[in-house]
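Colleague: Supplied structure: entry.tsv, TSV, C-alpha atoms and all ligand atoms.
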chain	number	residue	atom	x	y	z
A	1	MET	CA	-10.09	19.86	4.41
A	2	GLU	CA	-13.07	18.39	2.63
A	3	HIS	CA	-16.02	16.57	4.13
A	4	ILE	CA	-17.12	13.66	1.97
A	5	GLU	CA	-20.01	11.26	2.50
A	6	VAL	CA	-19.33	7.54	2.53
A	7	LYS	CA	-21.60	6.04	-0.16
A	8	ARG	CA	-20.94	2.37	0.40
A	9	LYS	CA	-18.93	0.13	2.64
A	10	LYS	CA	-17.56	-3.35	2.23
A	11	VAL	CA	-16.01	-5.45	4.94
A	12	ASP	CA	-13.17	-7.15	3.05
A	13	THR	CA	-11.61	-9.25	5.80
A	14	PRO	CA	-12.17	-9.62	9.56
A	15	THR	CA	-9.92	-6.59	10.19
A	16	VAL	CA	-10.17	-4.61	6.94
A	17	ALA	CA	-13.03	-2.48	5.62
A	18	SER	CA	-13.30	-0.39	2.43
A	19	LEU	CA	-15.11	2.95	2.44
A	20	TYR	CA	-16.30	4.14	-0.98
A	21	PHE	CA	-17.03	7.79	-1.73
A	22	GLU	CA	-17.31	10.20	-4.66
A	23	TRP	CA	-14.67	12.90	-4.84
A	24	ASP	CA	-13.72	14.97	-7.87
A	25	ALA	CA	-10.03	15.30	-7.04
A	26	ARG	CA	-7.52	13.66	-9.41
A	27	VAL	CA	-5.63	11.01	-7.48
A	28	LEU	CA	-3.06	8.72	-9.05
A	29	PRO	CA	-2.32	5.16	-7.87
A	30	GLY	CA	0.22	5.23	-5.05
A	31	GLN	CA	-0.62	8.73	-3.80
A	32	PHE	CA	-2.12	9.18	-0.34
A	33	ILE	CA	-4.56	11.40	1.51
A	34	MET	CA	-4.69	12.48	5.15
A	35	VAL	CA	-7.93	11.44	6.83
A	36	TRP	CA	-8.99	13.19	10.03
A	37	VAL	CA	-10.27	10.99	12.83
A	38	PRO	CA	-12.00	13.32	15.32
A	39	GLY	CA	-10.27	13.37	18.69
A	40	LEU	CA	-7.42	11.17	17.55
A	41	GLY	CA	-5.63	12.98	14.71
A	42	GLU	CA	-4.89	12.28	11.07
A	43	VAL	CA	-4.15	8.99	9.37
A	44	PRO	CA	-2.32	8.76	6.02
A	45	MET	CA	-4.25	6.45	3.69
A	46	SER	CA	-3.47	5.41	0.14
A	47	LEU	CA	-6.45	4.98	-2.15
A	48	SER	CA	-7.56	1.55	-3.24
A	49	LYS	CA	-9.72	3.01	-6.02
A	50	THR	CA	-8.85	6.20	-7.89
A	51	GLY	CA	-11.58	6.87	-10.48
A	52	LYS	CA	-14.56	9.15	-9.88
A	53	GLU	CA	-15.62	6.75	-7.16
A	54	LYS	CA	-12.74	6.48	-4.76
A	55	CYS	CA	-12.03	4.18	-1.88
A	56	ILE	CA	-9.88	3.90	1.20
A	57	THR	CA	-9.25	0.47	2.61
A	58	VAL	CA	-8.70	0.61	6.35
A	59	LYS	CA	-6.99	-2.02	8.45
A	60	ALA	CA	-8.01	-1.62	12.07
A	61	TYR	CA	-4.72	-1.94	13.94
A	62	GLY	CA	-4.90	0.97	16.40
A	63	GLU	CA	-7.32	3.41	17.96
A	64	SER	CA	-7.47	5.81	14.98
A	65	THR	CA	-7.76	3.17	12.27
A	66	GLY	CA	-10.18	1.17	14.44
A	67	LYS	CA	-12.49	4.17	14.67
A	68	LEU	CA	-12.11	4.99	10.96
A	69	ALA	CA	-12.95	1.41	9.98
A	70	LYS	CA	-16.21	1.73	11.91
A	71	THR	CA	-17.39	4.64	9.71
A	72	GLU	CA	-20.78	3.76	8.26
A	73	VAL	CA	-22.57	4.63	5.00
A	74	GLY	CA	-24.01	8.17	5.18
A	75	GLU	CA	-21.39	9.40	7.63
A	76	LEU	CA	-18.78	11.97	6.60
A	77	ILE	CA	-15.04	11.53	6.41
A	78	THR	CA	-12.78	14.57	6.51
A	79	LEU	CA	-9.73	14.50	4.30
A	80	ARG	CA	-7.06	16.53	2.54
A	81	GLY	CA	-4.73	15.76	-0.32
A	82	PRO	CA	-3.79	14.00	-2.50
A	83	TYR	CA	-0.11	14.00	-1.66
A	84	GLY	CA	3.07	12.23	-2.65
A	85	LYS	CA	4.51	10.72	-5.76
A	86	PRO	CA	2.44	8.05	-7.55
A	87	PHE	CA	3.57	4.76	-9.03
A	88	LYS	CA	5.12	5.24	-12.45
A	89	LYS	CA	2.99	3.51	-15.06
A	90	SER	CA	4.30	0.64	-17.10
A	91	GLY	CA	2.91	-1.20	-20.10
A	92	GLY	CA	3.24	-4.94	-20.63
A	93	ASP	CA	3.01	-7.63	-18.01
A	94	ILE	CA	3.35	-6.33	-14.49
A	95	LEU	CA	3.76	-8.10	-11.15
A	96	LEU	CA	1.99	-6.82	-8.04
A	97	ILE	CA	3.26	-8.11	-4.71
A	98	GLY	CA	1.10	-7.26	-1.70
A	99	GLY	CA	1.49	-8.41	1.87
A	100	GLY	CA	-1.30	-8.02	4.43
A	101	SER	CA	-3.26	-4.85	3.69
A	102	GLY	CA	-0.52	-3.72	1.26
A	103	MET	CA	-2.57	-4.89	-1.71
A	104	ALA	CA	-4.90	-1.93	-1.06
A	105	SER	CA	-2.58	0.66	-2.62
A	106	LEU	CA	-1.71	-1.72	-5.49
A	107	ARG	CA	-5.36	-2.43	-6.33
A	108	PRO	CA	-5.74	0.50	-8.80
A	109	LEU	CA	-2.93	-1.06	-10.88
A	110	ILE	CA	-4.70	-4.40	-11.35
A	111	ASN	CA	-5.52	-5.13	-14.98
A	112	ARG	CA	-5.90	-8.20	-17.20
A	113	ARG	CA	-2.11	-8.41	-17.69
A	114	SER	CA	-1.16	-8.14	-14.03
A	115	THR	CA	-0.01	-11.08	-11.98
A	116	GLY	CA	-0.61	-10.86	-8.25
A	117	ILE	CA	1.25	-12.38	-5.35
A	118	ILE	CA	-1.14	-11.91	-2.48
A	119	ALA	CA	0.19	-12.88	0.93
A	120	SER	CA	-1.34	-12.94	4.38
A	121	ARG	CA	-1.26	-14.91	7.61
A	122	THR	CA	-4.62	-16.63	7.01
A	123	PRO	CA	-6.99	-17.18	4.04
A	124	GLU	CA	-9.54	-14.82	5.58
A	125	GLU	CA	-7.03	-11.96	5.34
A	126	LEU	CA	-6.18	-12.35	1.64
A	127	LEU	CA	-7.06	-8.93	0.23
A	128	PHE	CA	-8.43	-8.25	-3.29
A	129	SER	CA	-7.12	-11.59	-4.51
A	130	GLU	CA	-10.35	-12.22	-6.46
A	131	GLU	CA	-9.72	-9.11	-8.59
A	132	PHE	CA	-6.89	-10.86	-10.43
A	133	ASN	CA	-7.58	-13.30	-13.26
A	134	ALA	CA	-7.67	-16.79	-11.75
A	135	ASP	CA	-4.61	-17.85	-13.77
A	136	LYS	CA	-2.63	-14.80	-12.65
A	137	ARG	CA	-3.29	-15.09	-8.94
A	138	ILE	CA	-0.71	-16.54	-6.56
A	139	GLU	CA	-2.06	-16.76	-3.04
A	140	VAL	CA	0.27	-17.35	-0.10
A	141	THR	CA	-0.79	-17.94	3.48
A	142	GLU	CA	1.42	-18.47	6.51
A	143	ASP	CA	-0.90	-21.10	7.95
A	144	GLY	CA	-1.11	-22.91	4.60
A	145	ARG	CA	-4.90	-23.22	4.58
A	146	LYS	CA	-5.08	-21.62	1.12
A	147	GLY	CA	-2.61	-21.33	-1.73
A	148	ILE	CA	1.07	-21.78	-1.05
A	149	LYS	CA	2.13	-22.23	2.56
A	150	GLY	CA	4.76	-19.69	3.49
A	151	ILE	CA	5.58	-16.04	2.96
A	152	VAL	CA	5.76	-13.69	-0.01
A	153	LEU	CA	9.18	-15.01	-1.03
A	154	ASP	CA	7.70	-18.48	-1.45
A	155	GLY	CA	5.14	-17.02	-3.83
A	156	MET	CA	7.92	-15.32	-5.77
A	157	ASP	CA	9.49	-18.70	-6.43
A	158	MET	CA	6.50	-19.37	-8.72
A	159	VAL	CA	7.49	-16.62	-11.18
A	160	ASN	CA	10.55	-15.27	-12.94
A	161	PRO	CA	10.76	-11.60	-11.88
A	162	GLU	CA	12.64	-10.80	-15.08
A	163	ASP	CA	9.54	-11.71	-17.12
A	164	PHE	CA	7.78	-8.53	-15.98
A	165	SER	CA	8.15	-4.97	-17.24
A	166	MET	CA	7.59	-3.63	-13.73
A	167	ILE	CA	7.20	-5.01	-10.23
A	168	TYR	CA	5.12	-3.06	-7.71
A	169	VAL	CA	5.45	-3.92	-4.02
A	170	CYS	CA	3.54	-2.84	-0.91
A	171	GLY	CA	3.30	-4.34	2.56
A	172	PRO	CA	5.13	-4.47	5.88
A	173	GLU	CA	8.63	-3.03	5.54
A	174	ARG	CA	10.42	-6.24	6.49
A	175	MET	CA	8.60	-7.87	3.60
A	176	LEU	CA	9.57	-5.02	1.26
A	177	LYS	CA	13.20	-5.42	2.24
A	178	ALA	CA	13.08	-9.19	1.72
A	179	VAL	CA	11.59	-8.70	-1.76
A	180	TYR	CA	14.15	-6.00	-2.54
A	181	ASP	CA	17.03	-8.26	-1.48
A	182	LYS	CA	15.67	-11.09	-3.62
A	183	ILE	CA	15.53	-9.02	-6.81
A	184	LYS	CA	18.25	-6.38	-6.33
A	185	ASP	CA	20.83	-8.20	-8.45
A	186	LYS	CA	18.38	-9.12	-11.21
A	187	ASN	CA	17.58	-7.24	-14.37
A	188	VAL	CA	14.24	-5.87	-13.14
A	189	ASN	CA	12.39	-2.60	-12.62
A	190	ALA	CA	10.54	-2.28	-9.34
A	191	GLN	CA	8.76	0.29	-7.25
A	192	PHE	CA	8.08	0.01	-3.53
A	193	SER	CA	5.53	1.92	-1.45
A	194	LEU	CA	6.94	2.81	1.98
A	195	GLU	CA	5.04	3.64	5.14
A	196	ARG	CA	6.24	6.07	7.78
A	197	SER	CA	4.74	8.08	10.61
A	198	MET	CA	3.27	11.18	8.97
A	199	LYS	CA	2.13	14.32	10.71
A	200	CYS	CA	1.91	17.06	8.08
A	201	GLY	CA	1.99	15.08	4.82
A	202	ILE	CA	3.50	18.06	2.98
A	203	GLY	CA	7.20	18.15	3.78
A	204	LEU	CA	7.20	20.40	6.86
A	205	CYS	CA	7.63	18.29	10.00
A	206	ASP	CA	10.25	15.70	8.96
A	207	SER	CA	8.49	12.95	10.94
A	208	CYS	CA	8.61	10.73	7.84
A	209	SER	CA	12.31	11.11	7.02
A	210	VAL	CA	14.37	8.17	5.76
A	211	ASN	CA	18.03	8.86	5.03
A	212	GLY	CA	17.33	12.44	3.96
A	213	TYR	CA	14.23	11.58	1.93
A	214	GLN	CA	10.82	12.68	3.13
A	215	VAL	CA	8.41	9.85	2.45
A	216	CYS	CA	5.45	12.26	2.13
A	217	VAL	CA	6.92	14.32	-0.74
A	218	ASP	CA	9.78	12.24	-2.17
A	219	GLY	CA	7.69	9.05	-1.83
A	220	PRO	CA	5.79	7.12	-0.68
A	221	VAL	CA	6.81	5.29	-3.86
A	222	PHE	CA	10.54	4.67	-4.30
A	223	ASP	CA	12.44	2.84	-7.01
A	224	MET	CA	15.36	0.43	-6.71
A	225	ASN	CA	17.99	3.14	-7.20
A	226	GLN	CA	16.62	5.26	-4.38
A	227	LEU	CA	16.34	2.29	-2.03
A	228	ARG	CA	19.92	1.23	-2.73
A	229	ASP	CA	21.17	4.28	-0.78
A	230	MET	CA	18.74	3.97	2.12
A	231	THR	CA	20.48	2.32	5.07
A	232	GLU	CA	17.33	2.84	7.18
A	233	PHE	CA	15.16	0.91	4.71
A	234	GLY	CA	14.07	-2.28	6.43
A	235	THR	CA	16.12	-1.55	9.55
A	236	SER	CA	14.76	1.44	11.51
A	237	LYS	CA	12.06	4.10	11.56
A	238	LEU	CA	10.86	7.06	13.61
A	239	LEU	CA	7.74	6.72	15.78
A	240	ALA	CA	5.26	9.60	16.03
A	241	SER	CA	7.04	10.55	19.27
A	242	GLY	CA	10.30	11.03	17.37
A	243	LYS	CA	11.90	7.96	18.92
A	244	ARG	CA	13.83	5.78	16.47
A	245	VAL	CA	13.05	2.07	16.67
A	246	LYS	CA	14.20	-1.06	14.90
A	247	ILE	CA	11.90	-2.52	12.28
A	301	LIG	S1	4.89	14.02	7.17
A	301	LIG	FE1	5.76	15.96	7.68
A	301	LIG	S2	7.54	16.07	6.47
A	301	LIG	FE2	6.59	14.21	5.85
What does this structure look like when you write it as structure tokens?
Ligand code: FES

Modeller:
Amino acid sequence: MEHIEVKRKKVDTPTVASLYFEWDARVLPGQFIMVWVPGLGEVPMSLSKTGKEKCITVKAYGESTGKLAKTEVGELITLRGPYGKPFKKSGGDILLIGGGSGMASLRPLINRRSTGIIASRTPEELLFSEEFNADKRIEVTEDGRKGIKGIVLDGMDMVNPEDFSMIYVCGPERMLKAVYDKIKDKNVNAQFSLERSMKCGIGLCDSCSVNGYQVCVDGPVFDMNQLRDMTEFGTSKLLASGKRVKI
């Protein structure tokens, strides 16, 4: 466990805040860390910035993340890691597809040749959209107040997936499955970042298992071939209690 001071904070959307800190560890895009929230346990977080200055982008959706998102500049966060397999790099034109706060783990991959499909329910929740070149930014909102009205799949209709050397996807699992189904029969390479309940983060507890894979060590990034065999992908998952629920 390391105790690291938060150097700056940015409130990105009404429910999402980024905490920036300096940490010498080498972290690759797609890997995650476990962040300790005193009294509540650990939260797995992917990094939204992976250079010398690093960043976690926290969506406040429960007690632990709500408390973490309230961390202020000068306070310490306690973390361990990094863990998991990173995104495999690709040259050429890449497509990043992020739903909700999913764009956080894709953010370190943004470059001048990346096209982004950034989807959210409302314009206020569009995350890191401004970091893409204006001509490579496809915004999608469910309420239609900005960009294309609809869901991620409507944004995908604006591009030909086969034009890209790699497609990177992160967001709610139903969205991941919908994207997977849309491109599975095409001639494309794609990597998806999955989320599961994680207790240990290092392959010991099996709380993150999906069809024999452990998301914490075999993932969280999976490619099309791995997903093809996963019957639980997009259909069910284990809660922290061990109970299996539909997605
Ligand atoms: S979180 Fe414990 S095995 Fe993956």

Colleague: Quick check, in Å to one decimal: how far apart do atom CA of A:Lys85 and atom CA of A:Glu5 lie?

Modeller: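 Atom-to-atom, atom CA of A:Lys85 and atom CA of A:Glu5 are spaced 25.9 Å apart.
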
Colleague: Taking 4 positions as the minimum chain separation for residues in the same chain, which residues sit within 12 Å of A:Asp229 when counting all atoms listed in the file? Answer as a list in words.

Modeller: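 Listed by chain and then number, they are Val210, Asn211, Gly212, Tyr213, Phe222, Asp223, Met224, Asn225 and Phe233 of chain A.
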
Colleague: All residues within 7 Å of ligand LIG 301 (chain A) are required, counting only C-alpha atoms and all ligand atoms; please report them as a CSV table (one decimal) with C-alpha atoms, keeping the file's coordinate frame.

Modeller:
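Dumped to out.csv:
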chain,number,residue,atom,x,y,z
A,197,SER,CA,4.7,8.1,10.6
A,198,MET,CA,3.3,11.2,9.0
A,199,LYS,CA,2.1,14.3,10.7
A,200,CYS,CA,1.9,17.1,8.1
A,201,GLY,CA,2.0,15.1,4.8
A,202,ILE,CA,3.5,18.1,3.0
A,203,GLY,CA,7.2,18.2,3.8
A,204,LEU,CA,7.2,20.4,6.9
A,205,CYS,CA,7.6,18.3,10.0
A,206,ASP,CA,10.2,15.7,9.0
A,207,SER,CA,8.5,13.0,10.9
A,208,CYS,CA,8.6,10.7,7.8
A,209,SER,CA,12.3,11.1,7.0
A,214,GLN,CA,10.8,12.7,3.1
A,215,VAL,CA,8.4,9.8,2.4
A,216,CYS,CA,5.4,12.3,2.1
A,217,VAL,CA,6.9,14.3,-0.7

Colleague: One number please: atom CA of A:Pro161 to atom CA of A:Ile148, in Å, one decimal.

Modeller: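 Pair atom CA of A:Pro161 / atom CA of A:Ile148 returns 17.7 Å.
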
Colleague: Just want the 8 Å neighbourhood of stretch 243-247 of chain A, counted on all atoms listed in the file, with same-chain residues fewer than 6 positions away dropped. Output as a list of chain:residue names.

Modeller: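 The neighbour list is A:Glu173, A:Arg174, A:Gly234, A:Thr235, A:Ser236, A:Lys237.
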
Colleague: Separation of atom CA of A:Glu53 and atom CA of A:Glu2, in Å?

Modeller: 15.4 Å

Colleague: I need the residue nearest A:Leu109 from this list: A:Leu238, A:Ala17, A:Met156, A:Met166. Use all atoms listed in the file for the distance.

Modeller: A:Met166

Colleague: Which residue, A:Pro123, A:Gly62, A:Gly99, A:Gly155, has the smallest gap to A:Val43 when you use all atoms listed in the file?

Modeller: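 So, comparing all the options, the nearest one is A:Gly62.
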
Colleague: Within 6 Å of A:Thr122, counting only C-alpha atoms, which residues qualify if same-chain residues fewer than 3 places away don't, as a compact mmCIF listing (two decimals) with C-alpha atoms, in the coordinates of the input?

Modeller:
# COMPACT_ATOMS: atom_id res chain seq x y z
CA GLU A 125 -7.03 -11.96 5.34
CA THR A 141 -0.79 -17.94 3.48
CA ASP A 143 -0.90 -21.10 7.95

Colleague: Just checking: using all atoms listed in the file, which residue out of A:Val152, A:Ile77, A:Val37, A:Lys88 ends up closest to A:Trp23?

Modeller: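 Looking only at the distances to A:Trp23, the closest residue turns out to be A:Ile77.
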
Colleague: Residues near stretch 112-114 of chain A, anyone? I mean within 6 Å using only C-alpha atoms, not counting same-chain ones fewer than 3 positions away, as JSON, numbers by chain.

Modeller: {"A": [93, 94, 95]}

Colleague: Pick from A:Gly51, A:Gly100, A:Gly116, A:Pro220: nearest to A:Glu195, with only C-alpha atoms counted?

Modeller: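 Closest to A:Glu195, using only C-alpha atoms: A:Pro220.
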
Colleague: Pick from A:Gly144, A:Gly219, A:Gly81, A:Gly171: nearest to A:Leu96, with only C-alpha atoms counted?

Modeller: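 Comparing A:Gly144, A:Gly219, A:Gly81, A:Gly171 against A:Leu96, the winner is A:Gly171.
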
Colleague: In terms of the shortest atom-to-atom distance over only C-alpha atoms, which of A:Arg137, A:Lys177, A:Lys182, A:Lys49 is closest to A:Arg107?

Modeller: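 Ranking A:Arg137, A:Lys177, A:Lys182, A:Lys49 by distance to A:Arg107, first place goes to A:Lys49.
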
Colleague: Neighbourhood query: residues within 12 Å of (-13.5, 5.2, 11.9), file coordinates, counting only C-alpha atoms; return as an MDAnalysis selection string.

Modeller: chainID A and resid 6 9 16:19 35:43 56:73 75:78

Colleague: Would you mind listing what lies within 8 Å of stretch 25-29 of chain A as a ChimeraX atom specification, with only C-alpha atoms counted and same-chain residues fewer than 6 positions away left out?

Modeller: /A:47-51,82,86-87,105-106,108-109

Colleague: For stretch 190-209 of chain A, I'd like the enclosing box, axis-aligned and padded by 3 Å on every side, reported as AutoDock Vina command-line options with centre and edge lengths in Å to one decimal.

Modeller:
--center_x 7.1 --center_y 9.1 --center_z 0.8 --size_x 16.4 --size_y 28.7 --size_z 26.3
